[in-house]
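What follows is the content of entry-v6.pdb (PDB, C-alpha atoms).
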```pdb
ATOM      1  CA  MET A   1       0.000   0.000   0.000
ATOM      2  CA  ASN A   2       2.823   2.423   0.884
ATOM      3  CA  LYS A   3       4.566   1.681  -2.423
ATOM      4  CA  LEU A   4       1.370   2.402  -4.351
ATOM      5  CA  PHE A   5       0.890   5.668  -2.459
ATOM      6  CA  PHE A   6       4.527   6.667  -3.062
ATOM      7  CA  VAL A   7       4.362   5.897  -6.802
ATOM      8  CA  SER A   8       1.041   7.767  -7.105
ATOM      9  CA  ALA A   9       2.463  10.790  -5.270
ATOM     10  CA  LEU A  10       5.501  10.827  -7.573
ATOM     11  CA  ALA A  11       3.288  10.642 -10.660
ATOM     12  CA  ILE A  12       1.133  13.543  -9.449
ATOM     13  CA  CYS A  13       4.182  15.688  -8.624
ATOM     14  CA  ALA A  14       5.823  14.929 -11.965
ATOM     15  CA  SER A  15       2.702  15.848 -13.920
ATOM     16  CA  ALA A  16       2.274  19.060 -11.882
ATOM     17  CA  ASN A  17       5.849  20.119 -12.660
ATOM     18  CA  ALA A  18       5.352  19.367 -16.354
ATOM     19  CA  ALA A  19       2.170  21.436 -16.423
ATOM     20  CA  VAL A  20       3.895  24.402 -14.790
ATOM     21  CA  ALA A  21       6.804  24.322 -17.244
ATOM     22  CA  GLU A  22       4.663  23.752 -20.341
ATOM     23  CA  GLY A  23       4.681  26.781 -22.598
ATOM     24  CA  PHE A  24       7.964  28.285 -21.383
ATOM     25  CA  TYR A  25      10.894  28.629 -23.754
ATOM     26  CA  ALA A  26      14.362  30.150 -23.733
ATOM     27  CA  GLY A  27      16.936  30.732 -26.398
ATOM     28  CA  ALA A  28      20.159  32.328 -27.500
ATOM     29  CA  THR A  29      20.806  34.077 -30.798
ATOM     30  CA  LEU A  30      23.710  35.847 -32.437
ATOM     31  CA  GLY A  31      23.235  38.728 -34.786
ATOM     32  CA  SER A  32      23.912  42.128 -36.199
ATOM     33  CA  VAL A  33      22.584  45.270 -34.519
ATOM     34  CA  GLU A  34      22.671  48.459 -36.589
ATOM     35  CA  LEU A  35      21.941  51.907 -35.196
ATOM     36  CA  ASP A  36      21.582  54.873 -37.584
ATOM     37  CA  VAL A  37      21.695  58.423 -36.239
ATOM     38  CA  ASP A  38      21.778  61.195 -38.862
ATOM     39  CA  ASP A  39      24.837  60.289 -40.982
ATOM     40  CA  VAL A  40      26.462  57.999 -38.398
ATOM     41  CA  GLU A  41      25.976  54.239 -38.589
ATOM     42  CA  VAL A  42      27.027  51.941 -35.747
ATOM     43  CA  GLN A  43      27.019  48.188 -36.273
ATOM     44  CA  SER A  44      27.849  45.682 -33.550
ATOM     45  CA  THR A  45      27.670  41.918 -33.277
ATOM     46  CA  ASN A  46      25.440  41.010 -30.366
ATOM     47  CA  LEU A  47      24.615  37.948 -28.311
ATOM     48  CA  ASN A  48      20.923  37.837 -27.451
ATOM     49  CA  ALA A  49      19.089  35.915 -24.755
ATOM     50  CA  LEU A  50      15.342  35.458 -24.903
ATOM     51  CA  ILE A  51      12.758  33.938 -22.616
ATOM     52  CA  GLY A  52       9.087  33.561 -23.309
ATOM     53  CA  PHE A  53       5.801  31.960 -22.508
ATOM     54  CA  GLU A  54       3.629  30.465 -25.242
ATOM     55  CA  VAL A  55       0.018  31.072 -24.198
ATOM     56  CA  ASN A  56      -1.258  28.960 -27.092
ATOM     57  CA  GLN A  57      -0.093  27.896 -30.562
ATOM     58  CA  THR A  58      -0.489  31.413 -31.977
ATOM     59  CA  PHE A  59       0.274  33.825 -29.114
ATOM     60  CA  ALA A  60       3.313  34.283 -26.862
ATOM     61  CA  VAL A  61       4.892  36.919 -24.662
ATOM     62  CA  GLU A  62       8.680  37.147 -24.666
ATOM     63  CA  SER A  63      11.534  39.296 -23.461
ATOM     64  CA  GLU A  64      14.871  39.729 -25.158
ATOM     65  CA  PHE A  65      18.210  41.038 -23.926
ATOM     66  CA  SER A  66      20.980  41.962 -26.373
ATOM     67  CA  PHE A  67      24.637  42.558 -25.450
ATOM     68  CA  ALA A  68      27.420  43.629 -27.823
ATOM     69  CA  VAL A  69      30.240  41.096 -28.138
ATOM     70  CA  VAL A  70      32.023  42.834 -31.049
ATOM     71  CA  GLU A  71      32.033  46.636 -31.119
ATOM     72  CA  ASP A  72      32.194  48.900 -34.169
ATOM     73  CA  GLU A  73      35.139  51.252 -34.790
ATOM     74  CA  ILE A  74      34.006  54.640 -36.077
ATOM     75  CA  ASP A  75      36.291  57.357 -37.460
ATOM     76  CA  VAL A  76      35.510  60.666 -35.752
ATOM     77  CA  ASP A  77      37.596  63.809 -36.340
ATOM     78  CA  GLY A  78      40.734  61.853 -37.231
ATOM     79  CA  GLY A  79      40.437  59.408 -34.317
ATOM     80  CA  THR A  80      38.608  56.170 -33.728
ATOM     81  CA  VAL A  81      35.803  55.484 -31.324
ATOM     82  CA  ASP A  82      34.645  52.026 -30.215
ATOM     83  CA  ALA A  83      30.846  52.007 -30.266
ATOM     84  CA  SER A  84      28.215  49.436 -29.385
ATOM     85  CA  THR A  85      24.470  49.081 -29.005
ATOM     86  CA  ASN A  86      22.679  47.049 -26.330
ATOM     87  CA  TYR A  87      18.947  46.688 -25.833
ATOM     88  CA  ALA A  88      16.258  45.022 -23.763
ATOM     89  CA  GLY A  89      12.699  44.503 -24.924
ATOM     90  CA  ILE A  90       9.386  42.876 -24.220
ATOM     91  CA  PHE A  91       7.215  41.634 -27.082
ATOM     92  CA  ALA A  92       3.845  40.145 -27.911
ATOM     93  CA  LYS A  93       4.446  37.474 -30.566
ATOM     94  CA  ALA A  94       1.880  36.113 -33.018
ATOM     95  CA  SER A  95       2.888  32.801 -34.631
ATOM     96  CA  PHE A  96       1.530  31.376 -37.854
ATOM     97  CA  PRO A  97       2.185  27.611 -38.203
ATOM     98  CA  LEU A  98       2.915  26.755 -41.838
ATOM     99  CA  SER A  99       3.619  23.056 -41.202
ATOM    100  CA  SER A 100       4.218  20.848 -38.183
ATOM    101  CA  GLU A 101       7.877  21.980 -38.072
ATOM    102  CA  PHE A 102       7.904  25.448 -39.647
ATOM    103  CA  SER A 103       6.229  28.657 -38.481
ATOM    104  CA  ALA A 104       6.427  32.365 -39.210
ATOM    105  CA  HIS A 105       5.884  35.031 -36.576
ATOM    106  CA  ALA A 106       5.400  38.753 -36.089
ATOM    107  CA  ARG A 107       6.354  40.721 -32.978
ATOM    108  CA  LEU A 108       5.249  44.028 -31.516
ATOM    109  CA  GLY A 109       6.885  45.373 -28.405
ATOM    110  CA  PHE A 110       8.722  47.987 -26.427
ATOM    111  CA  VAL A 111      12.540  48.296 -26.324
ATOM    112  CA  ASN A 112      15.077  50.272 -24.339
ATOM    113  CA  VAL A 113      18.198  50.907 -26.433
ATOM    114  CA  THR A 114      21.582  51.922 -24.991
ATOM    115  CA  PHE A 115      24.373  53.333 -27.175
ATOM    116  CA  GLU A 116      27.908  53.407 -25.753
ATOM    117  CA  ALA A 117      31.056  54.967 -27.225
ATOM    118  CA  ASP A 118      34.647  54.939 -25.916
ATOM    119  CA  GLY A 119      37.521  56.869 -27.444
ATOM    120  CA  ASP A 120      40.723  58.707 -26.601
ATOM    121  CA  GLY A 121      38.732  61.766 -25.561
ATOM    122  CA  GLY A 122      36.555  59.869 -23.099
ATOM    123  CA  SER A 123      33.347  57.929 -23.171
ATOM    124  CA  ALA A 124      29.678  58.664 -23.645
ATOM    125  CA  SER A 125      26.416  56.798 -23.536
ATOM    126  CA  ALA A 126      22.788  57.484 -24.305
ATOM    127  CA  ASP A 127      19.613  55.486 -23.998
ATOM    128  CA  ASP A 128      16.027  55.830 -25.140
ATOM    129  CA  SER A 129      12.889  53.713 -25.371
ATOM    130  CA  GLY A 130      10.241  53.135 -27.996
ATOM    131  CA  VAL A 131       8.085  50.757 -29.987
ATOM    132  CA  ALA A 132       9.660  47.942 -32.020
ATOM    133  CA  ILE A 133       8.225  45.603 -34.634
ATOM    134  CA  GLY A 134       9.650  42.402 -36.000
ATOM    135  CA  ALA A 135       9.168  39.325 -38.121
ATOM    136  CA  GLY A 136      10.818  35.956 -38.220
ATOM    137  CA  ALA A 137      10.596  32.234 -38.725
ATOM    138  CA  GLN A 138      11.261  29.127 -36.700
ATOM    139  CA  TYR A 139      12.030  25.536 -37.704
ATOM    140  CA  ALA A 140      11.573  22.767 -35.109
ATOM    141  CA  VAL A 141      14.363  20.197 -35.393
ATOM    142  CA  SER A 142      12.803  18.248 -32.492
ATOM    143  CA  PRO A 143       9.803  18.708 -30.197
ATOM    144  CA  THR A 144      11.938  20.801 -27.809
ATOM    145  CA  ILE A 145      14.613  22.428 -30.033
ATOM    146  CA  ALA A 146      14.119  24.935 -32.844
ATOM    147  CA  ILE A 147      16.260  27.138 -35.079
ATOM    148  CA  ARG A 148      14.938  30.708 -35.149
ATOM    149  CA  GLY A 149      15.669  33.805 -37.223
ATOM    150  CA  ASP A 150      14.383  37.310 -36.516
ATOM    151  CA  ALA A 151      14.449  40.825 -37.923
ATOM    152  CA  THR A 152      13.438  43.620 -35.536
ATOM    153  CA  PHE A 153      13.061  47.321 -36.326
ATOM    154  CA  ALA A 154      12.527  50.455 -34.244
ATOM    155  CA  ASP A 155      12.487  54.189 -34.956
ATOM    156  CA  ILE A 156      13.021  56.026 -31.676
ATOM    157  CA  ASP A 157      13.149  59.823 -31.964
ATOM    158  CA  GLY A 158      14.822  59.677 -35.384
ATOM    159  CA  VAL A 159      17.226  56.884 -34.420
ATOM    160  CA  ASP A 160      16.766  53.743 -36.529
ATOM    161  CA  LEU A 161      17.487  50.357 -34.945
ATOM    162  CA  THR A 162      17.731  47.222 -37.099
ATOM    163  CA  THR A 163      18.572  43.770 -35.731
ATOM    164  CA  LEU A 164      19.035  40.535 -37.677
ATOM    165  CA  THR A 165      19.543  37.392 -35.581
ATOM    166  CA  ILE A 166      19.691  33.609 -35.839
ATOM    167  CA  GLY A 167      19.880  31.093 -33.027
ATOM    168  CA  THR A 168      18.376  28.243 -31.065
ATOM    169  CA  VAL A 169      15.247  28.080 -28.906
ATOM    170  CA  PHE A 170      14.555  25.409 -26.273
ATOM    171  CA  SER A 171      10.968  24.626 -25.225
ATOM    172  CA  PHE A 172      10.201  23.243 -21.772
TER     173      PHE A 172
END
```

I need this file expressed as structure tokens, please.
Amino acid sequence: MNKLFFVSALAICASANAAVAEGFYAGATLGSVELDVDDVEVQSTNLNALIGFEVNQTFAVESEFSFAVVEDEIDVDGGTVDASTNYAGIFAKASFPLSSEFSAHARLGFVNVTFEADGDGGSASADDSGVAIGAGAQYAVSPTIAIRGDATFADIDGVDLTTLTIGTVFSF
């Protein structure tokens, strides 16, 4: 009787944990982040982390954090400045399944963008927030692993942000 109770309790706990985790996903992507301000263009290579919750097959909420791993060198008044762009955002994502493995998606969200520059004359940084839109696709290589590509765009007070990323997403 005790063995039956113990096995039943384990089965209930295991199914409860699976139900709690169902719908969550996390991923890592690598990509290009381009920031255009007037006639100055800054391009950095960024590592992105994303976490999300899939409410159903067509709607999810996700957050994304992007950190520069390779900075851009910009010529300014005869000198060079190392510049990078980082951002954090939260998005509503609408997915459109095209087959059992392949889906397209669109994103609408809010991002906070930080620009940093370091040169011989010192350093400077600026940040601003605004609305971002994006589109992408995802291919499931297994029930829990997918390859994902995204393009995200924002125009914040005349500053254009463009990101192109590719990476892996893990579903729980």

Counting all atoms listed in the file, which residues have an atom no more than 7 Å from (7.9, 24.8, -36.1) in the file's coordinates? Please list them as a PDB file with C-alpha atoms, in the coordinates of the input.
```pdb
ATOM      1  CA  PRO A  97       2.185  27.611 -38.203  1.00  0.00           C
ATOM      2  CA  SER A  99       3.619  23.056 -41.202  1.00  0.00           C
ATOM      3  CA  SER A 100       4.218  20.848 -38.183  1.00  0.00           C
ATOM      4  CA  GLU A 101       7.877  21.980 -38.072  1.00  0.00           C
ATOM      5  CA  PHE A 102       7.904  25.448 -39.647  1.00  0.00           C
ATOM      6  CA  SER A 103       6.229  28.657 -38.481  1.00  0.00           C
ATOM      7  CA  GLN A 138      11.261  29.127 -36.700  1.00  0.00           C
ATOM      8  CA  TYR A 139      12.030  25.536 -37.704  1.00  0.00           C
ATOM      9  CA  ALA A 140      11.573  22.767 -35.109  1.00  0.00           C
TER      10      ALA A 140
END
```

Which residues would end up in the selection if the PyMOL selection byres ((chain A and resi 90) around 6) were applied here, given that I need the answer as a PyMOL selection string?
chain A and resi 62-63+89+91+109-110

Counting all atoms listed in the file, figure out which residue out of A:Asn56, A:Ser66, A:Ser125, A:Thr144 gets nearest to A:Gly31.
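The closest residue to A:Gly31 is A:Ser66.
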
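Our summary of the geometry notes that atom CA of A:Val69 is positioned 5.3 Å from atom CA of A:Asn46.
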
From the set A:Val169, A:Ala132, A:Leu30, A:Val42, which residue has the shortest atom-to-atom contact distance to A:Glu73, counting all atoms listed in the file?
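Looking at the shortest contact to A:Glu73, the residue is A:Val42.
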
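Pairwise distance (atom CA of A:Ser32, atom CA of A:Ile147) equals 16.9 Å.
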
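When the PyMOL selection byres ((chain A and resi 135) around 6) is evaluated on the file shown here, the picked residues come out as A:His105, A:Ala106, A:Gly134, A:Gly136, A:Asp150, A:Ala151.
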
Please determine, counting all atoms listed in the file, which residue among A:Glu64, A:Asp155, A:Asp118, A:Asp36 has the shortest atom-to-atom distance to A:Ala83.
A:Asp118

Compare A:Ala117, A:Ala94, A:Val33, A:Leu108 by their minimum atom-to-atom distance to A:Ile74, counting only C-alpha atoms, and give me the closest one.
A:Ala117

Neighbours of A:Ile156 within 12 Å (only C-alpha atoms; same-chain residues fewer than 5 positions away dropped), as a PyMOL selection string?
chain A and resi 35-37+110-114+127-133+161-162

Quick one: distance from atom CA of A:Gln57 to atom CA of A:Ala154 in Å, one decimal?
26.1 Å

Which of these residues is nearest to A:Val81, using only C-alpha atoms: A:Thr58, A:Ser123, A:Ser171, A:Ser95?
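For A:Val81, the nearest of the given residues is A:Ser123.
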
If the PyMOL selection byres ((chain A and resi 28) around 7) were run on this exact file, what residues would it hold? Put them as an MDAnalysis selection string.
chainID A and resid 27 29 48:50 167:169
